[in-house]
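Read through the structure below, which is laid out as structure tokens, and then see the notes.
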Amino acid sequence: MHEEVKEVLFTADRIQARIRELGGAISRDLSGRDPVILALLKGGVVLTADLIRTMDCPVHLDFAWVSSYGGGTVSSGRVELKVFPKEDLSGRTVLVVDDILDTGRTLRAVVDELRETLKASDVRTCVLLDKEVPRAVDVEADYVGFRVGDQFVVGYGLDLDGHYRNLPYIGVLHGPGAGGAGGRPELG
Ligand code: XMP
């Protein structure tokens with residue numbers, strides 16, 4: 001365990017086992033639909049890389065970069081679509097993959113853009129973690145790895161100041177970052 005990590009909430013083995021379950025369910029649900037898997041940069045990339053390798057239906061892979069953090073560990077409330085797919089998604093099935101669902105602003109903005117602007121016909125969402133907090137907007141994920149309490153978590157794509165994304169587990173840090181003050185996540 002990394003010395004700055006106070007507690008491991010989900011081990012690497014547990015995460016991988018859960019991803020295999022999610023991949024199986026998603027494959028069954030989206031089989032024959034030629035889905036676009038839309039990984040949200042940067043945090044959703046780790047889950048996406050593991051998830052698509054558990055899926056046995058054909059997939060296309062694309063990326064979007066969305067930021068809702070303007071500073072601090074609390075969402076700024078503004079969602080900026082920094083990079084979004086250029087390919088034609090009209091009529092397509094799209095699975096949005098992100099690391100964590102927190103206020104919900106990020107997923108809400110991405111789903112709205114896909115449906116309303118890009119005219120995707122079926123938009124689903126998958127997150128590794130669902131933070132059990134009141135949402136700022138009305139959105140829930142279709143596929144959820146685990147539920148977590150209201151604490152700042154790192155690892156498996158999730159960062160503090162750009163660090164810890166490569167940890168194979170999800171953990172809570174010692175010190176100020178753990179409680180939501182001090183340090184901040186990078187954009188995405
Ligand atoms: P919203 O609030 O839009 O947040 O649902 C989604 C994005 O916010 C980041 N986020 C976190 N990053 N630990 C992190 O490292 C956390 O506990 C956390 N909560 C939210 C993350 O980038 C996510 O995609």
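Chain labels A, B, ... are given in the sequence in which chains occur in the structure tokens; within each chain residues are numbered consecutively from 1, and ligands are likewise numbered from 1 in the order shown.
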Please return as a ChimeraX atom specification the residues found within 7 Å of ligand 1, counting only C-alpha atoms and all ligand atoms. /A:43-44,68-69,75,98-107,151-154,158-160,185,187-188
Test item: residues at most 6 Å from Trp65 in chain A, only C-alpha atoms, excluding those fewer than 2 positions along its chain, as a PyMOL selection string: chain A and resi 40-41+82-83
Looking at only C-alpha atoms, which of A:Gly32, A:Leu173, A:His163, A:Ser121 is the one that sits closest to Val5 in chain A? A:Leu173
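Between CA of Val45 in chain A and CA of Tyr156 in chain A lies a distance of 9.2 Å.
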Helix (DSSP H, G or I) residues, from DSSP on the backbone, in range 43-134 of chain A, as a list in words: Gly44, Val45, Val46, Leu47, Thr48, Ala49, Asp50, Leu51, Ile52, Arg105, Thr106, Leu107, Arg108, Ala109, Val110, Val111, Asp112, Glu113, Leu114, Arg115, Glu116 and Thr117 of chain A
Taking N, CA and C atoms for each residue, export the selection above as a compact mmCIF listing (two decimals), in the first residue's frame.
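Result written to selection-v7.txt:
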# COMPACT_ATOMS: atom_id res chain seq x y z
N GLY A 44 -11.70 8.37 -16.19
CA GLY A 44 -12.45 7.21 -16.67
C GLY A 44 -11.65 6.28 -17.54
N VAL A 45 -10.42 6.67 -17.86
CA VAL A 45 -9.62 5.88 -18.79
C VAL A 45 -9.21 4.52 -18.22
N VAL A 46 -8.90 4.50 -16.93
CA VAL A 46 -8.43 3.25 -16.32
C VAL A 46 -9.56 2.22 -16.31
N LEU A 47 -10.74 2.64 -15.88
CA LEU A 47 -11.88 1.73 -15.90
C LEU A 47 -12.20 1.28 -17.32
N THR A 48 -12.18 2.22 -18.25
CA THR A 48 -12.53 1.88 -19.63
C THR A 48 -11.59 0.82 -20.19
N ALA A 49 -10.29 1.00 -19.93
CA ALA A 49 -9.30 0.05 -20.47
C ALA A 49 -9.57 -1.36 -19.94
N ASP A 50 -9.90 -1.47 -18.66
CA ASP A 50 -10.18 -2.79 -18.10
C ASP A 50 -11.55 -3.31 -18.54
N LEU A 51 -12.52 -2.41 -18.56
CA LEU A 51 -13.90 -2.83 -18.88
C LEU A 51 -14.02 -3.39 -20.30
N ILE A 52 -13.46 -2.70 -21.28
CA ILE A 52 -13.66 -3.16 -22.66
C ILE A 52 -13.01 -4.52 -22.88
N ARG A 105 -23.05 16.49 -12.09
CA ARG A 105 -23.01 17.53 -13.13
C ARG A 105 -22.28 17.05 -14.39
N THR A 106 -21.20 16.31 -14.17
CA THR A 106 -20.41 15.86 -15.32
C THR A 106 -21.23 14.93 -16.21
N LEU A 107 -21.78 13.88 -15.61
CA LEU A 107 -22.55 12.91 -16.42
C LEU A 107 -23.76 13.59 -17.06
N ARG A 108 -24.43 14.44 -16.30
CA ARG A 108 -25.63 15.13 -16.83
C ARG A 108 -25.27 15.92 -18.09
N ALA A 109 -24.15 16.67 -18.01
CA ALA A 109 -23.75 17.50 -19.15
C ALA A 109 -23.37 16.64 -20.35
N VAL A 110 -22.68 15.53 -20.09
CA VAL A 110 -22.24 14.67 -21.19
C VAL A 110 -23.44 13.97 -21.83
N VAL A 111 -24.32 13.46 -21.00
CA VAL A 111 -25.51 12.76 -21.53
C VAL A 111 -26.37 13.74 -22.33
N ASP A 112 -26.56 14.95 -21.81
CA ASP A 112 -27.37 15.94 -22.54
C ASP A 112 -26.74 16.28 -23.88
N GLU A 113 -25.43 16.47 -23.90
CA GLU A 113 -24.75 16.81 -25.15
C GLU A 113 -24.90 15.67 -26.18
N LEU A 114 -24.74 14.44 -25.69
CA LEU A 114 -24.85 13.29 -26.60
C LEU A 114 -26.27 13.17 -27.17
N ARG A 115 -27.25 13.36 -26.30
CA ARG A 115 -28.63 13.19 -26.74
C ARG A 115 -29.11 14.37 -27.58
N GLU A 116 -28.89 15.57 -27.05
CA GLU A 116 -29.53 16.74 -27.65
C GLU A 116 -28.75 17.33 -28.82
N THR A 117 -27.44 17.35 -28.72
CA THR A 117 -26.65 17.96 -29.80
C THR A 117 -26.20 16.91 -30.80
Among chain A, which ones does DSSP place in strand (DSSP E or B), written as a ChimeraX atom specification? /A:5-10,36-41,60-67,80-83,93-101,122-131,143-148,154-155,158,160,163,170-173
Got a sec: who's within 8 Å of Tyr143 in chain A, counting only C-alpha atoms, leaving out chain neighbours fewer than 3 positions off, as a ChimeraX atom specification? /A:22,125-127
